[in-house]
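Below is the file query13.cif, which contains mmCIF, C-alpha atoms.
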data_my_file
loop_
_atom_site.group_PDB
_atom_site.id
_atom_site.type_symbol
_atom_site.label_atom_id
_atom_site.label_comp_id
_atom_site.auth_asym_id
_atom_site.auth_seq_id
_atom_site.Cartn_x
_atom_site.Cartn_y
_atom_site.Cartn_z
ATOM 1 C CA MET G 1 95.564 -26.189 -3.461
ATOM 2 C CA LYS G 2 95.191 -22.709 -4.927
ATOM 3 C CA VAL G 3 97.710 -19.966 -4.209
ATOM 4 C CA TYR G 4 94.972 -17.475 -3.453
ATOM 5 C CA THR G 5 92.464 -17.878 -0.625
ATOM 6 C CA ARG G 6 90.719 -14.494 -0.684
ATOM 7 C CA ARG G 7 90.982 -14.471 3.116
ATOM 8 C CA GLY G 8 93.316 -11.479 3.016
ATOM 9 C CA ASP G 9 91.239 -9.283 0.769
ATOM 10 C CA ALA G 10 90.005 -7.138 3.681
ATOM 11 C CA GLY G 11 93.504 -6.487 5.076
ATOM 12 C CA GLN G 12 93.776 -9.377 7.568
ATOM 13 C CA THR G 13 96.088 -12.373 7.487
ATOM 14 C CA ASP G 14 96.345 -15.685 9.303
ATOM 15 C CA LEU G 15 99.169 -16.475 11.689
ATOM 16 C CA ALA G 16 100.578 -19.973 11.912
ATOM 17 C CA GLY G 17 99.049 -21.660 14.925
ATOM 18 C CA GLY G 18 95.816 -19.707 14.650
ATOM 19 C CA GLY G 19 94.549 -16.197 14.890
ATOM 20 C CA ARG G 20 94.166 -13.360 12.437
ATOM 21 C CA VAL G 21 95.860 -9.991 12.524
ATOM 22 C CA PRO G 22 95.915 -6.860 10.373
ATOM 23 C CA LYS G 23 98.446 -7.047 7.546
ATOM 24 C CA ASP G 24 100.221 -4.004 8.963
ATOM 25 C CA ALA G 25 100.602 -5.493 12.470
ATOM 26 C CA LEU G 26 104.122 -5.326 13.941
ATOM 27 C CA ARG G 27 104.462 -9.098 13.688
ATOM 28 C CA VAL G 28 103.531 -9.123 10.002
ATOM 29 C CA GLU G 29 105.872 -6.174 9.336
ATOM 30 C CA ALA G 30 108.682 -8.102 11.039
ATOM 31 C CA TYR G 31 108.295 -11.378 9.170
ATOM 32 C CA GLY G 32 107.601 -9.498 5.939
ATOM 33 C CA ALA G 33 110.883 -7.613 6.268
ATOM 34 C CA VAL G 34 112.728 -10.872 6.959
ATOM 35 C CA ASP G 35 111.122 -12.323 3.820
ATOM 36 C CA GLU G 36 112.263 -9.260 1.824
ATOM 37 C CA LEU G 37 115.769 -9.794 3.184
ATOM 38 C CA ASN G 38 115.721 -13.427 2.115
ATOM 39 C CA ALA G 39 114.652 -12.379 -1.393
ATOM 40 C CA ALA G 40 117.379 -9.702 -1.520
ATOM 41 C CA LEU G 41 119.928 -12.352 -0.586
ATOM 42 C CA GLY G 42 118.544 -14.568 -3.334
ATOM 43 C CA VAL G 43 119.466 -11.812 -5.779
ATOM 44 C CA ALA G 44 122.847 -11.060 -4.155
ATOM 45 C CA VAL G 45 123.924 -14.689 -4.311
ATOM 46 C CA LEU G 46 123.632 -14.675 -8.117
ATOM 47 C CA ASP G 47 126.781 -12.558 -8.457
ATOM 48 C CA ALA G 48 128.596 -13.482 -5.243
ATOM 49 C CA SER G 49 131.862 -15.403 -5.193
ATOM 50 C CA SER G 50 131.410 -19.141 -5.503
ATOM 51 C CA ASP G 51 133.150 -19.751 -2.172
ATOM 52 C CA GLN G 52 130.276 -17.914 -0.460
ATOM 53 C CA GLN G 53 127.458 -20.069 -1.851
ATOM 54 C CA SER G 54 127.178 -22.486 1.089
ATOM 55 C CA LEU G 55 127.276 -19.564 3.538
ATOM 56 C CA PHE G 56 124.404 -17.850 1.722
ATOM 57 C CA SER G 57 122.428 -21.077 1.602
ATOM 58 C CA ALA G 58 122.750 -21.497 5.380
ATOM 59 C CA ILE G 59 121.767 -17.865 5.953
ATOM 60 C CA GLN G 60 118.686 -18.181 3.740
ATOM 61 C CA MET G 61 117.596 -21.296 5.639
ATOM 62 C CA SER G 62 118.056 -19.439 8.943
ATOM 63 C CA LEU G 63 116.062 -16.469 7.682
ATOM 64 C CA PHE G 64 113.230 -18.752 6.625
ATOM 65 C CA GLU G 65 113.188 -20.226 10.125
ATOM 66 C CA ILE G 66 113.188 -16.746 11.703
ATOM 67 C CA GLY G 67 110.244 -15.835 9.479
ATOM 68 C CA SER G 68 108.428 -19.000 10.511
ATOM 69 C CA VAL G 69 108.834 -18.172 14.186
ATOM 70 C CA LEU G 70 107.699 -14.590 13.642
ATOM 71 C CA ALA G 71 104.661 -15.774 11.641
ATOM 72 C CA THR G 72 103.546 -18.059 14.462
ATOM 73 C CA ALA G 73 100.916 -16.775 16.863
ATOM 74 C CA PRO G 74 102.506 -16.216 20.279
ATOM 75 C CA GLY G 75 101.518 -18.801 22.839
ATOM 76 C CA SER G 76 99.897 -21.029 20.228
ATOM 77 C CA GLY G 77 102.288 -23.902 20.872
ATOM 78 C CA SER G 78 102.146 -24.430 17.140
ATOM 79 C CA SER G 79 103.998 -27.510 16.046
ATOM 80 C CA VAL G 80 107.456 -27.316 14.648
ATOM 81 C CA LEU G 81 107.244 -23.681 13.484
ATOM 82 C CA ALA G 82 107.430 -22.231 16.977
ATOM 83 C CA SER G 83 110.490 -24.331 17.830
ATOM 84 C CA MET G 84 112.480 -23.153 14.807
ATOM 85 C CA GLY G 85 114.669 -20.114 14.731
ATOM 86 C CA VAL G 86 118.306 -19.312 15.098
ATOM 87 C CA ARG G 87 120.637 -20.405 17.863
ATOM 88 C CA ASP G 88 123.693 -18.870 19.474
ATOM 89 C CA GLU G 89 125.818 -21.117 17.232
ATOM 90 C CA ASP G 90 124.290 -19.422 14.179
ATOM 91 C CA VAL G 91 125.416 -16.021 15.472
ATOM 92 C CA ASP G 92 128.870 -17.495 16.131
ATOM 93 C CA ALA G 93 128.997 -18.768 12.529
ATOM 94 C CA LEU G 94 128.262 -15.264 11.229
ATOM 95 C CA GLU G 95 131.038 -13.828 13.394
ATOM 96 C CA GLU G 96 133.471 -16.456 12.098
ATOM 97 C CA ALA G 97 132.504 -15.611 8.510
ATOM 98 C CA ILE G 98 133.052 -11.895 9.225
ATOM 99 C CA ASP G 99 136.486 -12.629 10.675
ATOM 100 C CA ARG G 100 137.455 -14.786 7.671
ATOM 101 C CA ALA G 101 136.371 -12.147 5.175
ATOM 102 C CA ASP G 102 137.936 -9.339 7.184
ATOM 103 C CA GLY G 103 141.240 -11.226 7.080
ATOM 104 C CA GLU G 104 141.363 -10.617 3.306
ATOM 105 C CA LEU G 105 140.618 -6.901 3.547
ATOM 106 C CA ALA G 106 142.673 -3.789 4.118
ATOM 107 C CA PRO G 107 141.729 -1.986 7.321
ATOM 108 C CA LEU G 108 138.724 0.292 6.982
ATOM 109 C CA LYS G 109 139.875 3.930 7.078
ATOM 110 C CA ASN G 110 136.926 5.813 5.569
ATOM 111 C CA PHE G 111 133.190 5.541 5.322
ATOM 112 C CA VAL G 112 132.137 3.302 2.441
ATOM 113 C CA LEU G 113 129.366 4.105 -0.008
ATOM 114 C CA PRO G 114 127.142 1.296 -1.284
ATOM 115 C CA GLY G 115 128.244 0.283 -4.740
ATOM 116 C CA GLY G 116 131.255 -0.939 -6.637
ATOM 117 C CA CYS G 117 130.956 -4.175 -8.569
ATOM 118 C CA ARG G 118 127.536 -5.801 -9.122
ATOM 119 C CA ALA G 119 128.005 -8.364 -6.356
ATOM 120 C CA ALA G 120 129.003 -5.702 -3.824
ATOM 121 C CA ALA G 121 126.101 -3.440 -4.798
ATOM 122 C CA ALA G 122 123.642 -6.333 -4.332
ATOM 123 C CA LEU G 123 125.158 -7.164 -0.934
ATOM 124 C CA HIS G 124 124.906 -3.509 0.140
ATOM 125 C CA ALA G 125 121.243 -3.487 -0.930
ATOM 126 C CA ALA G 126 120.649 -6.679 1.076
ATOM 127 C CA ARG G 127 122.416 -5.066 4.058
ATOM 128 C CA THR G 128 119.963 -2.157 4.054
ATOM 129 C CA VAL G 129 117.023 -4.559 3.908
ATOM 130 C CA CYS G 130 118.619 -6.464 6.793
ATOM 131 C CA ARG G 131 118.751 -3.276 8.858
ATOM 132 C CA ARG G 132 115.054 -2.681 8.150
ATOM 133 C CA ALA G 133 114.216 -6.249 9.201
ATOM 134 C CA GLU G 134 116.193 -5.702 12.384
ATOM 135 C CA ARG G 135 114.310 -2.452 13.112
ATOM 136 C CA ARG G 136 110.957 -4.171 12.568
ATOM 137 C CA CYS G 137 111.964 -7.011 14.897
ATOM 138 C CA VAL G 138 113.160 -4.543 17.538
ATOM 139 C CA GLY G 139 109.751 -2.854 17.367
ATOM 140 C CA LEU G 140 107.984 -6.190 17.758
ATOM 141 C CA ASP G 141 110.301 -7.219 20.592
ATOM 142 C CA ARG G 142 109.298 -4.096 22.512
ATOM 143 C CA GLU G 143 105.677 -5.280 22.393
ATOM 144 C CA GLU G 144 106.131 -9.064 22.502
ATOM 145 C CA THR G 145 109.424 -10.653 23.428
ATOM 146 C CA ILE G 146 111.153 -12.433 20.553
ATOM 147 C CA GLU G 147 112.777 -15.486 22.054
ATOM 148 C CA GLY G 148 116.311 -16.522 21.207
ATOM 149 C CA PRO G 149 119.098 -14.628 19.445
ATOM 150 C CA THR G 150 117.068 -13.341 16.482
ATOM 151 C CA LEU G 151 117.970 -9.691 17.119
ATOM 152 C CA ARG G 152 121.677 -10.492 17.555
ATOM 153 C CA TYR G 153 121.590 -12.629 14.404
ATOM 154 C CA LEU G 154 120.109 -9.851 12.273
ATOM 155 C CA ASN G 155 122.538 -7.301 13.706
ATOM 156 C CA ARG G 156 125.502 -9.546 12.951
ATOM 157 C CA LEU G 157 124.143 -10.443 9.521
ATOM 158 C CA SER G 158 124.143 -6.799 8.447
ATOM 159 C CA ASP G 159 127.790 -6.586 9.560
ATOM 160 C CA LEU G 160 128.567 -9.690 7.505
ATOM 161 C CA LEU G 161 126.823 -8.314 4.419
ATOM 162 C CA PHE G 162 128.828 -5.085 4.704
ATOM 163 C CA THR G 163 132.067 -7.043 5.054
ATOM 164 C CA LEU G 164 131.231 -9.355 2.141
ATOM 165 C CA ALA G 165 130.388 -6.337 -0.041
ATOM 166 C CA ARG G 166 133.841 -4.947 0.730
ATOM 167 C CA LEU G 167 135.353 -8.347 -0.040
ATOM 168 C CA GLU G 168 133.608 -8.564 -3.410
ATOM 169 C CA ASN G 169 134.893 -5.097 -4.318
ATOM 170 C CA ALA G 170 138.416 -6.041 -3.252
ATOM 171 C CA ARG G 171 138.354 -9.281 -5.221
ATOM 172 C CA SER G 172 137.031 -7.488 -8.308
ATOM 173 C CA GLY G 173 139.907 -5.026 -8.136
ATOM 174 C CA ASP G 174 137.551 -2.082 -7.715
ATOM 175 C CA GLY G 175 138.139 -1.617 -4.002
ATOM 176 C CA ASP G 176 135.795 0.219 -1.671
ATOM 177 C CA VAL G 177 133.790 3.179 -2.908
ATOM 178 C CA GLU G 178 134.896 5.631 -0.258
ATOM 179 C CA TRP G 179 132.955 8.662 0.894
ATOM 180 C CA HIS G 180 134.717 11.995 0.620
ATOM 181 C CA ARG G 181 133.402 15.382 1.693
ATOM 182 C CA ARG G 182 132.200 17.290 -1.345
ATOM 183 C CA GLU G 183 134.035 20.502 -2.090
ATOM 184 C CA GLY G 184 132.151 23.678 -2.390
#
Write out the structure in this file as structure tokens.
Amino acid sequence: MKVYTRRGDAGQTDLAGGGRVPKDALRVEAYGAVDELNAALGVAVLDASSDQQSLFSAIQMSLFEIGSVLATAPGSGSSVLASMGVRDEDVDALEEAIDRADGELAPLKNFVLPGGCRAAAALHAARTVCRRAERRCVGLDREETIEGPTLRYLNRLSDLLFTLARLENARSGDGDVEWHRREG
């Protein structure tokens, strides 16, 4: 099977379960942003602490499932793709991971700028992509209801990525890069 099909050359793409839509359709924007997030996490994991590897693996699997659901034509009843996605337990797992990481951190007293050590900077970059994916899914949900806790999952995931970025900076000894009002 070839990677290219030429079916998308005129700006249309196939949805799982049938149907074609423009490549800039809300649904395609949503699953494309989730795919970008998954790729950003693939980069972030390269420098992340080794104790976070299984967490990132689980998150990447969940994001792939979210993308599969979003790429499935609504009402198509398409096989296993439409039944994938995240569950309430997945959101709970993110909250537990936030609480664990937060337990190692000093209380947040100032706004934090993205940056610090390499791992933290990559996690902050992934967090911003996560926020974009969430916005795209919110837009889609306004038009076509996204079933399950996808929106809650993405919202919580961005909180986790922020917390893990802070944790990486703390573990590196750099600490948070705090925002301060510029003089002048």
Contacts of Leu113 of chain G within 8 Å, only C-alpha atoms, excl. fewer than 2 positions in-chain, as a list in words:
Phe111, Gly115, Asp176, Val177, Glu178 and Trp179 of chain G
Dump C-alpha atoms for the selected residues as a PDB file, keeping the file's coordinate frame?
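The resulting result.pdb:
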ATOM      1  CA  PHE G 111     133.190   5.541   5.322  1.00  0.00           C
ATOM      2  CA  GLY G 115     128.244   0.283  -4.740  1.00  0.00           C
ATOM      3  CA  ASP G 176     135.795   0.219  -1.671  1.00  0.00           C
ATOM      4  CA  VAL G 177     133.790   3.179  -2.908  1.00  0.00           C
ATOM      5  CA  GLU G 178     134.896   5.631  -0.258  1.00  0.00           C
ATOM      6  CA  TRP G 179     132.955   8.662   0.894  1.00  0.00           C
TER       7      TRP G 179
END
Distance query segment 164-170 of chain G at most 7 Å, all atoms listed in the file, self and fewer than 4 positions along chain excluded, as a ChimeraX atom specification:
/G:101,105,116-117,119-120,123-124,160,174-176
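Put simply, atom CA of Phe162 of chain G is 8.9 Å away from atom CA of Pro114 of chain G.
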Shell of 8 Å around Asn38 of chain G, all atoms listed in the file, local chain residues under 5 positions omitted, as a PyMOL selection string:
chain G and resi 60+63-64
Compile the contact shell of Val91 of chain G as a ChimeraX atom specification: residues with an atom at most 9 Å away, counting all atoms listed in the file, same-chain residues fewer than 4 positions apart removed.
/G:86-87,95-96,149-150,152-154,156-157
One decimal place gives the atom CA of Val34 of chain G-atom CA of Leu151 of chain G separation as 11.5 Å
Set the distance at 12 Å and use only C-alpha atoms: which residues neighbour Gly19 of chain G once local chain neighbours fewer than 4 positions away are removed? I'd like the list as JSON, numbers by chain.
{"G": [12, 13, 14, 15, 71, 72, 73, 74, 75, 76, 78]}
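For the pair atom CA of Leu70 of chain G and atom CA of Ala126 of chain G, the separation is 19.7 Å.
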